[in-house]
file structure.pdb (PDB, C-alpha atoms and all ligand atoms)
ATOM      1  CA  MET E  49      -8.829   9.736 -20.220
ATOM      2  CA  ARG E  50      -6.843   9.818 -17.000
ATOM      3  CA  ALA E  51      -8.241   7.685 -14.178
ATOM      4  CA  LYS E  52      -9.522   9.726 -11.277
ATOM      5  CA  ILE E  53      -7.944   8.848  -7.942
ATOM      6  CA  VAL E  54      -9.351   9.717  -4.537
ATOM      7  CA  TRP E  55      -6.583   9.058  -2.002
ATOM      8  CA  LEU E  56      -7.843   9.063   1.584
ATOM      9  CA  MET E  57      -5.269   9.210   4.334
ATOM     10  CA  THR E  58      -6.746   7.738   7.498
ATOM     11  CA  ASN E  59      -4.561   6.778  10.484
ATOM     12  CA  SER E  60      -1.215   6.596   8.759
ATOM     13  CA  CYS E  61       2.398   7.753   9.063
ATOM     14  CA  ALA E  62       2.167   9.028   5.439
ATOM     15  CA  GLY E  63       4.938   6.637   4.402
ATOM     16  CA  ASP E  64       2.857   5.159   1.609
ATOM     17  CA  SER E  65       2.175   8.595   0.138
ATOM     18  CA  ILE E  66       5.863   9.422   0.296
ATOM     19  CA  SER E  67       6.596   6.129  -1.439
ATOM     20  CA  PHE E  68       3.965   6.797  -4.114
ATOM     21  CA  PHE E  69       5.391  10.228  -4.860
ATOM     22  CA  ASN E  70       8.898   8.802  -5.018
ATOM     23  CA  ALA E  71       8.013   6.573  -7.959
ATOM     24  CA  LEU E  72      10.494   6.982 -10.786
ATOM     25  CA  HIS E  73       9.078   5.122 -13.788
ATOM     26  CA  PRO E  74       6.673   6.829 -14.202
ATOM     27  CA  ASP E  75       7.582   9.723 -11.922
ATOM     28  CA  TYR E  76       5.071  12.018 -10.229
ATOM     29  CA  ARG E  77       4.872  14.477 -13.105
ATOM     30  CA  GLN E  78       4.178  11.732 -15.625
ATOM     31  CA  MET E  79       1.624  10.137 -13.329
ATOM     32  CA  ALA E  80      -0.199  13.395 -12.755
ATOM     33  CA  GLU E  81      -0.060  14.560 -16.370
ATOM     34  CA  GLU E  82      -0.535  11.342 -18.332
ATOM     35  CA  PHE E  83      -2.034   8.549 -16.258
ATOM     36  CA  PHE E  84      -3.962   9.693 -13.208
ATOM     37  CA  GLU E  85      -5.997  12.643 -12.101
ATOM     38  CA  LEU E  86      -5.328  13.007  -8.398
ATOM     39  CA  SER E  87      -8.727  14.471  -7.649
ATOM     40  CA  TYR E  88      -8.335  14.337  -3.885
ATOM     41  CA  ASP E  89      -5.077  13.831  -2.028
ATOM     42  CA  THR E  90      -4.434  15.874   1.087
ATOM     43  CA  PHE E  91      -0.723  15.245   0.740
ATOM     44  CA  VAL E  92      -0.429  17.475  -2.321
ATOM     45  CA  MET E  93      -3.692  19.363  -2.806
ATOM     46  CA  ALA E  94      -3.900  23.076  -2.137
ATOM     47  CA  GLY E  95      -7.522  23.110  -0.962
ATOM     48  CA  GLN E  96      -8.284  22.830   2.717
ATOM     49  CA  GLY E  97     -11.357  22.637   4.937
ATOM     50  CA  HIS E  98     -14.728  22.582   3.202
ATOM     51  CA  ILE E  99     -13.119  23.216  -0.191
ATOM     52  CA  ALA E 100     -11.241  19.928   0.171
ATOM     53  CA  THR E 101     -14.101  17.892   1.616
ATOM     54  CA  GLY E 102     -16.372  19.427  -1.035
ATOM     55  CA  VAL E 103     -14.441  17.422  -3.650
ATOM     56  CA  LEU E 104     -15.386  14.226  -1.833
ATOM     57  CA  VAL E 105     -18.998  15.299  -1.508
ATOM     58  CA  GLU E 106     -19.083  15.883  -5.277
ATOM     59  CA  PHE E 107     -17.913  12.323  -5.860
ATOM     60  CA  LEU E 108     -20.561  11.044  -3.459
ATOM     61  CA  GLU E 109     -23.267  12.917  -5.298
ATOM     62  CA  GLY E 110     -21.877  12.124  -8.764
ATOM     63  CA  PRO E 111     -22.201   8.992 -10.922
ATOM     64  CA  PRO E 112     -20.951   5.640  -9.585
ATOM     65  CA  ASP E 113     -17.714   3.964 -10.736
ATOM     66  CA  SER E 114     -16.099   7.266 -11.737
ATOM     67  CA  PHE E 115     -13.014   6.992  -9.533
ATOM     68  CA  ILE E 116     -10.579   4.628  -7.822
ATOM     69  CA  LEU E 117     -10.576   4.941  -4.051
ATOM     70  CA  VAL E 118      -7.179   4.475  -2.403
ATOM     71  CA  VAL E 119      -7.070   4.251   1.372
ATOM     72  CA  GLU E 120      -3.779   4.713   3.177
ATOM     73  CA  GLY E 121      -3.897   3.836   6.875
ATOM     74  CA  SER E 122      -6.067   1.829   9.207
ATOM     75  CA  VAL E 123      -9.630   2.797  10.081
ATOM     76  CA  PRO E 124     -10.473   3.231  13.781
ATOM     77  CA  VAL E 125     -13.973   2.138  14.748
ATOM     78  CA  ALA E 126     -14.051   2.795  18.512
ATOM     79  CA  ALA E 127     -16.124   5.786  19.680
ATOM     80  CA  GLY E 128     -18.037   5.746  16.412
ATOM     81  CA  GLY E 129     -14.840   6.341  14.458
ATOM     82  CA  LEU E 130     -14.011   9.664  16.140
ATOM     83  CA  TYR E 131     -10.325   8.786  16.489
ATOM     84  CA  CYS E 132      -9.870   9.765  12.850
ATOM     85  CA  VAL E 133     -11.842  12.697  11.455
ATOM     86  CA  LEU E 134     -11.209  13.763   7.854
ATOM     87  CA  GLY E 135     -13.219  16.970   7.888
ATOM     88  CA  HIS E 136     -16.602  18.414   8.675
ATOM     89  CA  VAL E 137     -19.732  18.018   6.581
ATOM     90  CA  GLY E 138     -22.934  19.783   7.552
ATOM     91  CA  GLY E 139     -21.230  21.012  10.722
ATOM     92  CA  LYS E 140     -20.550  17.491  11.932
ATOM     93  CA  PRO E 141     -17.269  15.601  12.039
ATOM     94  CA  TRP E 142     -16.886  13.265   9.082
ATOM     95  CA  THR E 143     -15.020  10.248  10.329
ATOM     96  CA  ALA E 144     -12.664   8.118   8.280
ATOM     97  CA  LEU E 145     -15.030   5.243   8.980
ATOM     98  CA  GLN E 146     -17.948   7.090   7.367
ATOM     99  CA  ALA E 147     -15.858   8.422   4.497
ATOM    100  CA  VAL E 148     -14.403   5.010   3.622
ATOM    101  CA  LYS E 149     -17.809   3.338   3.742
ATOM    102  CA  GLU E 150     -19.573   6.010   1.707
ATOM    103  CA  LEU E 151     -16.854   6.492  -0.896
ATOM    104  CA  ALA E 152     -16.195   2.747  -1.291
ATOM    105  CA  ALA E 153     -19.877   2.282  -2.174
ATOM    106  CA  LYS E 154     -19.421   4.748  -5.046
ATOM    107  CA  ALA E 155     -15.933   3.772  -6.240
ATOM    108  CA  ARG E 156     -15.004   1.630  -9.241
ATOM    109  CA  TYR E 157     -12.261  -0.075  -7.245
ATOM    110  CA  VAL E 158     -11.033   0.146  -3.667
ATOM    111  CA  VAL E 159      -7.308  -0.161  -3.022
ATOM    112  CA  ALA E 160      -5.612  -0.480   0.367
ATOM    113  CA  ALA E 161      -2.161   1.116   0.065
ATOM    114  CA  GLY E 162       0.320  -0.150   2.641
ATOM    115  CA  THR E 163       0.116  -2.690   5.427
ATOM    116  CA  CYS E 164      -2.002  -0.582   7.827
ATOM    117  CA  ALA E 165      -4.817  -0.257   5.284
ATOM    118  CA  ALA E 166      -4.413  -3.826   4.048
ATOM    119  CA  PHE E 167      -4.021  -5.699   7.319
ATOM    120  CA  GLY E 168      -4.159  -3.221  10.218
ATOM    121  CA  GLY E 169      -0.423  -2.786  10.730
ATOM    122  CA  PRO E 170       1.019  -1.392  13.976
ATOM    123  CA  TYR E 171      -2.174   0.593  14.664
ATOM    124  CA  ALA E 172      -4.148  -2.623  15.039
ATOM    125  CA  ALA E 173      -1.583  -4.275  17.337
ATOM    126  CA  ARG E 174      -2.702  -5.081  20.876
ATOM    127  CA  PRO E 175      -4.052  -3.384  22.899
ATOM    128  CA  ASN E 176      -5.482  -1.316  20.013
ATOM    129  CA  PRO E 177      -7.578   1.026  22.198
ATOM    130  CA  ILE E 178      -9.054   2.910  19.213
ATOM    131  CA  GLY E 179     -10.241  -0.258  17.455
ATOM    132  CA  SER E 180      -8.112   0.112  14.322
ATOM    133  CA  LYS E 181      -9.198  -2.132  11.462
ATOM    134  CA  PRO E 182      -8.000  -2.836   7.947
ATOM    135  CA  VAL E 183     -10.184  -1.400   5.182
ATOM    136  CA  SER E 184     -11.548  -4.835   4.259
ATOM    137  CA  ALA E 185     -12.986  -5.207   7.781
ATOM    138  CA  VAL E 186     -15.194  -2.114   7.537
ATOM    139  CA  ILE E 187     -16.696  -2.366   4.033
ATOM    140  CA  PRO E 188     -18.397  -5.173   2.098
ATOM    141  CA  GLN E 189     -16.750  -4.323  -1.246
ATOM    142  CA  LYS E 190     -13.685  -6.163  -2.539
ATOM    143  CA  VAL E 191     -10.443  -4.443  -1.495
ATOM    144  CA  VAL E 192      -7.274  -4.831  -3.555
ATOM    145  CA  ASN E 193      -4.579  -5.072  -0.911
ATOM    146  CA  VAL E 194      -1.176  -3.644  -1.786
ATOM    147  CA  PRO E 195       0.730  -4.016   1.488
ATOM    148  CA  GLY E 196       4.260  -3.062   2.492
ATOM    149  CA  CYS E 197       5.657  -0.793   5.141
ATOM    150  CA  PRO E 198       5.751   1.346   3.178
ATOM    151  CA  VAL E 199       4.248   0.062  -0.043
ATOM    152  CA  HIS E 200       6.848  -0.071  -2.823
ATOM    153  CA  PRO E 201       6.275   2.721  -5.393
ATOM    154  CA  ASP E 202       6.154   0.160  -8.220
ATOM    155  CA  TRP E 203       3.597  -1.986  -6.402
ATOM    156  CA  ILE E 204       1.090   0.817  -5.872
ATOM    157  CA  VAL E 205       1.638   2.648  -9.167
ATOM    158  CA  GLY E 206       1.590  -0.620 -11.112
ATOM    159  CA  THR E 207      -1.594  -1.781  -9.406
ATOM    160  CA  LEU E 208      -3.363   1.532 -10.021
ATOM    161  CA  PHE E 209      -2.265   1.499 -13.643
ATOM    162  CA  HIS E 210      -3.492  -2.075 -14.054
ATOM    163  CA  LEU E 211      -6.869  -1.199 -12.545
ATOM    164  CA  ALA E 212      -7.218   1.869 -14.743
ATOM    165  CA  GLU E 213      -6.185   0.201 -18.011
ATOM    166  CA  TYR E 214      -6.971  -3.511 -17.676
ATOM    167  CA  GLY E 215      -9.225  -3.923 -14.647
ATOM    168  CA  LEU E 216      -8.580  -6.225 -11.706
ATOM    169  CA  PRO E 217      -5.207  -7.955 -11.686
ATOM    170  CA  ARG E 218      -4.989 -11.584 -10.570
ATOM    171  CA  LEU E 219      -5.085 -11.642  -6.796
ATOM    172  CA  ASP E 220      -3.871 -14.120  -4.177
ATOM    173  CA  GLU E 221      -5.820 -15.389  -1.163
ATOM    174  CA  TYR E 222      -5.174 -12.072   0.658
ATOM    175  CA  ASN E 223      -6.344 -10.065  -2.371
ATOM    176  CA  ARG E 224      -2.793  -8.980  -3.196
ATOM    177  CA  PRO E 225      -1.733  -8.704  -6.883
ATOM    178  CA  ILE E 226       0.085 -11.932  -7.774
ATOM    179  CA  LEU E 227       2.212  -9.855 -10.120
ATOM    180  CA  TYR E 228       4.099  -8.522  -7.092
ATOM    181  CA  PHE E 229       3.232 -10.913  -4.260
ATOM    182  CA  GLY E 230       3.147 -14.255  -6.028
ATOM    183  CA  GLU E 231       6.379 -15.693  -4.639
ATOM    184  CA  THR E 232       8.100 -15.652  -1.284
ATOM    185  CA  ILE E 233      11.154 -13.582  -0.448
ATOM    186  CA  HIS E 234      12.912 -16.860   0.328
ATOM    187  CA  ASP E 235      12.179 -18.208  -3.185
ATOM    188  CA  ARG E 236      14.178 -15.421  -4.820
ATOM    189  CA  CYS E 237      16.680 -14.452  -2.133
ATOM    190  CA  GLN E 238      20.322 -14.119  -3.187
ATOM    191  CA  ARG E 239      21.332 -15.724   0.127
ATOM    192  CA  ARG E 240      19.291 -18.851  -0.389
ATOM    193  CA  HIS E 241      22.440 -20.899  -1.048
ATOM    194  CA  TYR E 242      23.710 -19.901   2.410
ATOM    195  CA  TYR E 243      20.426 -21.138   3.868
ATOM    196  CA  GLU E 244      20.724 -24.453   2.026
ATOM    197  CA  SER E 245      24.325 -24.911   3.164
ATOM    198  CA  GLY E 246      23.668 -23.890   6.755
ATOM    199  CA  MET E 247      25.654 -20.641   6.770
ATOM    200  CA  PHE E 248      23.679 -18.353   9.076
ATOM    201  CA  ALA E 249      24.342 -14.833  10.374
ATOM    202  CA  GLN E 250      24.475 -14.681  14.152
ATOM    203  CA  GLU E 251      23.763 -10.940  14.268
ATOM    204  CA  PRO E 252      22.616  -8.200  11.865
ATOM    205  CA  GLY E 253      25.453  -6.984   9.662
ATOM    206  CA  GLU E 254      26.855 -10.397   8.795
ATOM    207  CA  PRO E 255      26.670 -11.344   5.111
ATOM    208  CA  TRP E 256      25.057 -14.800   5.530
ATOM    209  CA  CYS E 257      21.465 -16.047   5.608
ATOM    210  CA  THR E 258      19.531 -14.091   8.268
ATOM    211  CA  TYR E 259      17.100 -16.900   9.110
ATOM    212  CA  LYS E 260      18.485 -17.440  12.616
ATOM    213  CA  ILE E 261      18.177 -13.780  13.499
ATOM    214  CA  GLY E 262      14.512 -13.701  12.585
ATOM    215  CA  CYS E 263      14.176 -13.517   8.821
ATOM    216  CA  LYS E 264      10.532 -13.919   7.787
ATOM    217  CA  GLY E 265      11.474 -14.415   4.127
ATOM    218  CA  PRO E 266      10.269 -18.036   4.032
ATOM    219  CA  VAL E 267       6.677 -16.990   4.848
ATOM    220  CA  THR E 268       6.586 -13.507   3.267
ATOM    221  CA  HIS E 269       5.281 -12.914  -0.231
ATOM    222  CA  ALA E 270       6.858 -10.019  -2.159
ATOM    223  CA  ASP E 271       9.417  -9.480  -4.906
ATOM    224  CA  CYS E 272      11.904  -7.335  -2.936
ATOM    225  CA  PRO E 273      14.950  -9.549  -3.754
ATOM    226  CA  VAL E 274      14.573  -8.853  -7.473
ATOM    227  CA  ARG E 275      12.844  -5.461  -7.464
ATOM    228  CA  HIS E 276      14.906  -3.715  -4.776
ATOM    229  CA  TRP E 277      14.139  -0.389  -3.114
ATOM    230  CA  CYS E 278      15.378   3.201  -3.019
ATOM    231  CA  GLY E 279      15.711   5.384  -6.076
ATOM    232  CA  GLU E 280      17.045   3.348  -8.947
ATOM    233  CA  HIS E 281      16.302   0.107  -7.146
ATOM    234  CA  ALA E 282      19.434   0.228  -5.042
ATOM    235  CA  ASN E 283      19.024  -2.502  -2.449
ATOM    236  CA  TRP E 284      16.660  -4.339  -0.116
ATOM    237  CA  PRO E 285      16.593  -5.430   3.568
ATOM    238  CA  VAL E 286      18.539  -8.708   3.342
ATOM    239  CA  GLY E 287      20.861  -7.075   0.809
ATOM    240  CA  VAL E 288      21.918  -4.619   3.506
ATOM    241  CA  ASN E 289      22.367  -7.399   6.065
ATOM    242  CA  THR E 290      19.127  -7.150   8.022
ATOM    243  CA  PRO E 291      16.354  -9.757   8.156
ATOM    244  CA  CYS E 292      13.077  -9.374   6.286
ATOM    245  CA  ILE E 293      10.492  -8.553   8.965
ATOM    246  CA  GLY E 294       7.563  -9.659   6.816
ATOM    247  CA  CYS E 295       6.173  -6.175   6.287
ATOM    248  CA  THR E 296       3.848  -7.286   3.481
TER     249      THR E 296
HETATM  250 FE1  LIG E 301      15.518 -17.073   3.189
HETATM  251 FE2  LIG E 301      15.852 -14.891   4.716
HETATM  252 FE3  LIG E 301      17.823 -16.633   4.457
HETATM  253 FE4  LIG E 301      17.132 -15.097   2.396
HETATM  254  S1  LIG E 301      18.024 -14.392   4.322
HETATM  255  S2  LIG E 301      17.590 -17.281   2.334
HETATM  256  S3  LIG E 301      14.912 -14.985   2.680
HETATM  257  S4  LIG E 301      15.809 -17.038   5.400
HETATM  258 FE1  LIG E 302       9.223  -5.809   3.706
HETATM  259 FE2  LIG E 302      10.614  -8.054   3.820
HETATM  260 FE3  LIG E 302      10.510  -6.697   1.583
HETATM  261  S1  LIG E 302      10.483  -6.485   5.420
HETATM  262  S2  LIG E 302      10.432  -4.592   2.302
HETATM  263  S3  LIG E 302       8.799  -7.688   2.603
HETATM  264  S4  LIG E 302      12.251  -7.797   2.377
END

call {"tool": "encode", "arguments": {"input": "structure.pdb", "output": "C-alpha cells", "more": "lines below"}}
Ligand code: SF4
Ligand code: F3S
result
Amino acid sequence: MRAKIVWLMTNSCAGDSISFFNALHPDYRQMAEEFFELSYDTFVMAGQGHIATGVLVEFLEGPPDSFILVVEGSVPVAAGGLYCVLGHVGGKPWTALQAVKELAAKARYVVAAGTCAAFGGPYAARPNPIGSKPVSAVIPQKVVNVPGCPVHPDWIVGTLFHLAEYGLPRLDEYNRPILYFGETIHDRCQRRHYYESGMFAQEPGEPWCTYKIGCKGPVTHADCPVRHWCGEHANWPVGVNTPCIGCT
C-alpha cells in the first residue's frame, strides 16, 4: 500500500517542493503511482478552499498514524500564528501553527523538509518580527529534519521512502538522517588536497580550496561532494567554484 503523505507548505519559497518534484530516480510519476499517495499537497492538488482543507479535516478525524506529515517552511508564532494561514475551518482562519500542531499529533511521522522547517532558515533570522520557528520548536513530537536550501530531491524522497518501508532511519544529534548527513562536506570534498597543501582561492571562480573565501564545508554535514545536484547529478557548489554556505 502506498504511504499517504500530507505535505503542508507554511512560510516557504516553495523551493523544497520544486526539488521534490524534480526527483529523477524515482521520478514524480513513479513516486505518485508506486510509492506515495500525495493526499494533500497544495503545490499539485486541484482542490482549493474548503475542498482542500476538508482533506486535512478528514485526516484529523480519522485513525491515528495513517499518514506521514511533511512540513515545508517555518512556522510563525507571533499574533497567534496569523502570519501564515492555510485555510478556513468553521469560518475561522486555520493557522499553520494550529495545523502543524493538530496534524503532527495524528501523524505516524513528522518530517521537516528544507532548512526553514528544520532550523528556521532565513525566516527566523533577526529581527524575525513574525516569530518564525522551526517545526521542532512548536510541537512535542519527534521531527525528522531533512535540511538543505533547498532539500536535495534524493534526501527527501529517500527519507520518506525509508520511513514508509523501514521506519525511522538512524538520526544524528540534529535529527537528520545519518545516511545523508553523516559526514562533513570537507571530509569528501574533491578540493581537500588543495586545503591540505595551502592552495586557497582568493575569490569565487578560482579552482582552489574555497576555505579563505568563506567555505563552511568543514562544519557542514551533507553528502553534496559525492551526490551532486541538478538533473543527473551534474555538479555542486564547490564544484562550480563557489564556497559551501552551510545550507544544511
Ligand atoms: Fe574543505 Fe571547502 Fe576547501 Fe572543500 S573547498 S576542502 S569543503 S574548505
Ligand atoms: Fe548546501 Fe553546502 Fe551542499 S551550501 S548544497 S550543504 S555544498

call {"tool": "atom_distance", "arguments": {"input": "structure.pdb", "atom1": "CA of Phe84 (chain E)", "atom2": "CA of Gln146 (chain E)"}}
result
25.0 Å

call {"tool": "atom_distance", "arguments": {"input": "structure.pdb", "atom1": "CA of Ala161 (chain E)", "atom2": "CA of Met93 (chain E)"}}
result
18.5 Å

call {"tool": "residues_near_ligand", "arguments": {"input": "structure.pdb", "ligand": "ligand LIG 302 (chain E)", "cutoff": "8 Å", "atoms": "all atoms listed in the file", "output": "number ranges by chain"}}
result
E: 196-198, 200, 233, 264-265, 268-273, 277, 284-286, 291-296

call {"tool": "residues_near_ligand", "arguments": {"input": "structure.pdb", "ligand": "ligand LIG 301 (chain E)", "cutoff": "10 Å", "atoms": "only C-alpha atoms and all ligand atoms", "output": "PDB file with C-alpha atoms, in the frame of the given file"}}
result
ATOM      1  CA  THR E 232       8.100 -15.652  -1.284  1.00  0.00           C
ATOM      2  CA  ILE E 233      11.154 -13.582  -0.448  1.00  0.00           C
ATOM      3  CA  HIS E 234      12.912 -16.860   0.328  1.00  0.00           C
ATOM      4  CA  ASP E 235      12.179 -18.208  -3.185  1.00  0.00           C
ATOM      5  CA  ARG E 236      14.178 -15.421  -4.820  1.00  0.00           C
ATOM      6  CA  CYS E 237      16.680 -14.452  -2.133  1.00  0.00           C
ATOM      7  CA  GLN E 238      20.322 -14.119  -3.187  1.00  0.00           C
ATOM      8  CA  ARG E 239      21.332 -15.724   0.127  1.00  0.00           C
ATOM      9  CA  ARG E 240      19.291 -18.851  -0.389  1.00  0.00           C
ATOM     10  CA  HIS E 241      22.440 -20.899  -1.048  1.00  0.00           C
ATOM     11  CA  TYR E 242      23.710 -19.901   2.410  1.00  0.00           C
ATOM     12  CA  TYR E 243      20.426 -21.138   3.868  1.00  0.00           C
ATOM     13  CA  GLU E 244      20.724 -24.453   2.026  1.00  0.00           C
ATOM     14  CA  GLY E 246      23.668 -23.890   6.755  1.00  0.00           C
ATOM     15  CA  MET E 247      25.654 -20.641   6.770  1.00  0.00           C
ATOM     16  CA  PHE E 248      23.679 -18.353   9.076  1.00  0.00           C
ATOM     17  CA  ALA E 249      24.342 -14.833  10.374  1.00  0.00           C
ATOM     18  CA  PRO E 255      26.670 -11.344   5.111  1.00  0.00           C
ATOM     19  CA  TRP E 256      25.057 -14.800   5.530  1.00  0.00           C
ATOM     20  CA  CYS E 257      21.465 -16.047   5.608  1.00  0.00           C
ATOM     21  CA  THR E 258      19.531 -14.091   8.268  1.00  0.00           C
ATOM     22  CA  TYR E 259      17.100 -16.900   9.110  1.00  0.00           C
ATOM     23  CA  LYS E 260      18.485 -17.440  12.616  1.00  0.00           C
ATOM     24  CA  ILE E 261      18.177 -13.780  13.499  1.00  0.00           C
ATOM     25  CA  GLY E 262      14.512 -13.701  12.585  1.00  0.00           C
ATOM     26  CA  CYS E 263      14.176 -13.517   8.821  1.00  0.00           C
ATOM     27  CA  LYS E 264      10.532 -13.919   7.787  1.00  0.00           C
ATOM     28  CA  GLY E 265      11.474 -14.415   4.127  1.00  0.00           C
ATOM     29  CA  PRO E 266      10.269 -18.036   4.032  1.00  0.00           C
ATOM     30  CA  VAL E 267       6.677 -16.990   4.848  1.00  0.00           C
ATOM     31  CA  THR E 268       6.586 -13.507   3.267  1.00  0.00           C
ATOM     32  CA  CYS E 272      11.904  -7.335  -2.936  1.00  0.00           C
ATOM     33  CA  PRO E 273      14.950  -9.549  -3.754  1.00  0.00           C
ATOM     34  CA  PRO E 285      16.593  -5.430   3.568  1.00  0.00           C
ATOM     35  CA  VAL E 286      18.539  -8.708   3.342  1.00  0.00           C
ATOM     36  CA  GLY E 287      20.861  -7.075   0.809  1.00  0.00           C
ATOM     37  CA  ASN E 289      22.367  -7.399   6.065  1.00  0.00           C
ATOM     38  CA  THR E 290      19.127  -7.150   8.022  1.00  0.00           C
ATOM     39  CA  PRO E 291      16.354  -9.757   8.156  1.00  0.00           C
ATOM     40  CA  CYS E 292      13.077  -9.374   6.286  1.00  0.00           C
ATOM     41  CA  ILE E 293      10.492  -8.553   8.965  1.00  0.00           C
ATOM     42  CA  GLY E 294       7.563  -9.659   6.816  1.00  0.00           C
TER      43      GLY E 294
END

call {"tool": "closest_atom_pairs", "arguments": {"input": "structure.pdb", "of": "region 101-140 of chain E", "to": "region 58-72 of chain E", "cutoff": "8 Å", "atoms": "only C-alpha atoms", "output": "tab-separated table"}}
result
residue	atom	partner	partner_atom	distance
E:Val119	CA	E:Thr58	CA	7.1
E:Glu120	CA	E:Thr58	CA	6.1
E:Gly121	CA	E:Ser60	CA	4.3
E:Ser122	CA	E:Asn59	CA	5.3
E:Val123	CA	E:Thr58	CA	6.3
E:Pro124	CA	E:Asn59	CA	7.6
E:Cys132	CA	E:Thr58	CA	6.5
E:Leu134	CA	E:Thr58	CA	7.5

call {"tool": "residues_around", "arguments": {"input": "structure.pdb", "residues": "Ala100 (chain E)", "least_positions_apart": "6", "cutoff": "12 Å", "atoms": "all atoms listed in the file", "output": "ChimeraX atom specification"}}
result
/E:54,56,87-94,106-107,134-137

call {"tool": "residues_around", "arguments": {"input": "structure.pdb", "residues": "region 111-114 of chain E", "least_positions_apart": "6", "cutoff": "7 Å", "atoms": "all atoms listed in the file", "output": "PyMOL selection string"}}
result
chain E and resi 154-156

call {"tool": "resolve_selection", "arguments": {"input": "structure.pdb", "expression": "the PyMOL selection byres (((chain E and resi 160) around 6) and not hetatm)", "output": "list in words"}}
result
Val118, Val119, Val159, Ala161, Ala165, Ala166, Asn193 and Val194 of chain E

call {"tool": "resolve_selection", "arguments": {"input": "structure.pdb", "expression": "the PyMOL selection byres (((chain E and resi 74) around 12) and not hetatm)", "output": "VMD selection string"}}
result
chain E and resid 68 to 73 75 to 84 201 to 202 204 to 206 209

call {"tool": "closest_residue", "arguments": {"input": "structure.pdb", "among": "E:Met57, E:Ile226, E:Ile178, E:Ala152", "to": "Val191 (chain E)", "atoms": "only C-alpha atoms"}}
result
E:Ala152

call {"tool": "residues_around", "arguments": {"input": "structure.pdb", "residues": "Ala172 (chain E)", "least_positions_apart": "5", "cutoff": "9 Å", "atoms": "all atoms listed in the file", "output": "MDAnalysis selection string"}}
result
chainID E and resid 122 124 164 167 177:182

call {"tool": "build_atoms", "arguments": {"input": "structure.pdb", "residues": "region 74-79 of chain E", "atoms": "all heavy atoms", "output": "PDB file, in the frame of the given file"}}
result
ATOM      1  N   PRO E  74       6.640   5.392 -13.923  1.00  0.00           N
ATOM      2  CA  PRO E  74       6.673   6.829 -14.202  1.00  0.00           C
ATOM      3  C   PRO E  74       6.927   7.621 -12.919  1.00  0.00           C
ATOM      4  O   PRO E  74       6.685   7.125 -11.831  1.00  0.00           O
ATOM      5  CB  PRO E  74       5.260   7.105 -14.721  1.00  0.00           C
ATOM      6  CG  PRO E  74       4.412   6.088 -14.005  1.00  0.00           C
ATOM      7  CD  PRO E  74       5.265   4.877 -13.861  1.00  0.00           C
ATOM      8  N   ASP E  75       7.405   8.862 -13.090  1.00  0.00           N
ATOM      9  CA  ASP E  75       7.582   9.723 -11.922  1.00  0.00           C
ATOM     10  C   ASP E  75       6.270  10.501 -11.680  1.00  0.00           C
ATOM     11  O   ASP E  75       5.301  10.357 -12.418  1.00  0.00           O
ATOM     12  CB  ASP E  75       8.777  10.660 -12.084  1.00  0.00           C
ATOM     13  CG  ASP E  75       8.618  11.635 -13.247  1.00  0.00           C
ATOM     14  OD1 ASP E  75       7.509  11.749 -13.809  1.00  0.00           O
ATOM     15  OD2 ASP E  75       9.610  12.292 -13.593  1.00  0.00           O
ATOM     16  N   TYR E  76       6.291  11.335 -10.642  1.00  0.00           N
ATOM     17  CA  TYR E  76       5.071  12.018 -10.229  1.00  0.00           C
ATOM     18  C   TYR E  76       4.491  12.870 -11.361  1.00  0.00           C
ATOM     19  O   TYR E  76       3.297  12.860 -11.627  1.00  0.00           O
ATOM     20  CB  TYR E  76       5.338  12.874  -8.989  1.00  0.00           C
ATOM     21  CG  TYR E  76       4.171  13.755  -8.637  1.00  0.00           C
ATOM     22  CD1 TYR E  76       2.928  13.202  -8.363  1.00  0.00           C
ATOM     23  CD2 TYR E  76       4.299  15.136  -8.590  1.00  0.00           C
ATOM     24  CE1 TYR E  76       1.833  13.998  -8.061  1.00  0.00           C
ATOM     25  CE2 TYR E  76       3.218  15.939  -8.283  1.00  0.00           C
ATOM     26  CZ  TYR E  76       1.991  15.367  -8.024  1.00  0.00           C
ATOM     27  OH  TYR E  76       0.919  16.152  -7.736  1.00  0.00           O
ATOM     28  N   ARG E  77       5.366  13.589 -12.053  1.00  0.00           N
ATOM     29  CA  ARG E  77       4.872  14.477 -13.105  1.00  0.00           C
ATOM     30  C   ARG E  77       4.154  13.678 -14.201  1.00  0.00           C
ATOM     31  O   ARG E  77       3.057  14.025 -14.625  1.00  0.00           O
ATOM     32  CB  ARG E  77       6.040  15.269 -13.698  1.00  0.00           C
ATOM     33  CG  ARG E  77       5.627  16.125 -14.889  1.00  0.00           C
ATOM     34  CD  ARG E  77       6.799  16.874 -15.426  1.00  0.00           C
ATOM     35  NE  ARG E  77       7.215  17.912 -14.485  1.00  0.00           N
ATOM     36  CZ  ARG E  77       7.325  19.187 -14.814  1.00  0.00           C
ATOM     37  NH1 ARG E  77       7.036  19.572 -16.020  1.00  0.00           N
ATOM     38  NH2 ARG E  77       7.714  20.068 -13.931  1.00  0.00           N
ATOM     39  N   GLN E  78       4.793  12.588 -14.601  1.00  0.00           N
ATOM     40  CA  GLN E  78       4.178  11.732 -15.625  1.00  0.00           C
ATOM     41  C   GLN E  78       2.852  11.162 -15.140  1.00  0.00           C
ATOM     42  O   GLN E  78       1.866  11.132 -15.877  1.00  0.00           O
ATOM     43  CB  GLN E  78       5.112  10.572 -15.936  1.00  0.00           C
ATOM     44  CG  GLN E  78       5.768  10.633 -17.286  1.00  0.00           C
ATOM     45  CD  GLN E  78       6.589   9.389 -17.519  1.00  0.00           C
ATOM     46  OE1 GLN E  78       7.352   8.977 -16.652  1.00  0.00           O
ATOM     47  NE2 GLN E  78       6.432   8.796 -18.677  1.00  0.00           N
ATOM     48  N   MET E  79       2.852  10.712 -13.883  1.00  0.00           N
ATOM     49  CA  MET E  79       1.624  10.137 -13.329  1.00  0.00           C
ATOM     50  C   MET E  79       0.500  11.149 -13.367  1.00  0.00           C
ATOM     51  O   MET E  79      -0.616  10.874 -13.790  1.00  0.00           O
ATOM     52  CB  MET E  79       1.847   9.687 -11.881  1.00  0.00           C
ATOM     53  CG  MET E  79       2.550   8.370 -11.762  1.00  0.00           C
ATOM     54  SD  MET E  79       2.360   7.711 -10.120  1.00  0.00           S
ATOM     55  CE  MET E  79       3.465   8.715  -9.168  1.00  0.00           C
TER      56      MET E  79
END
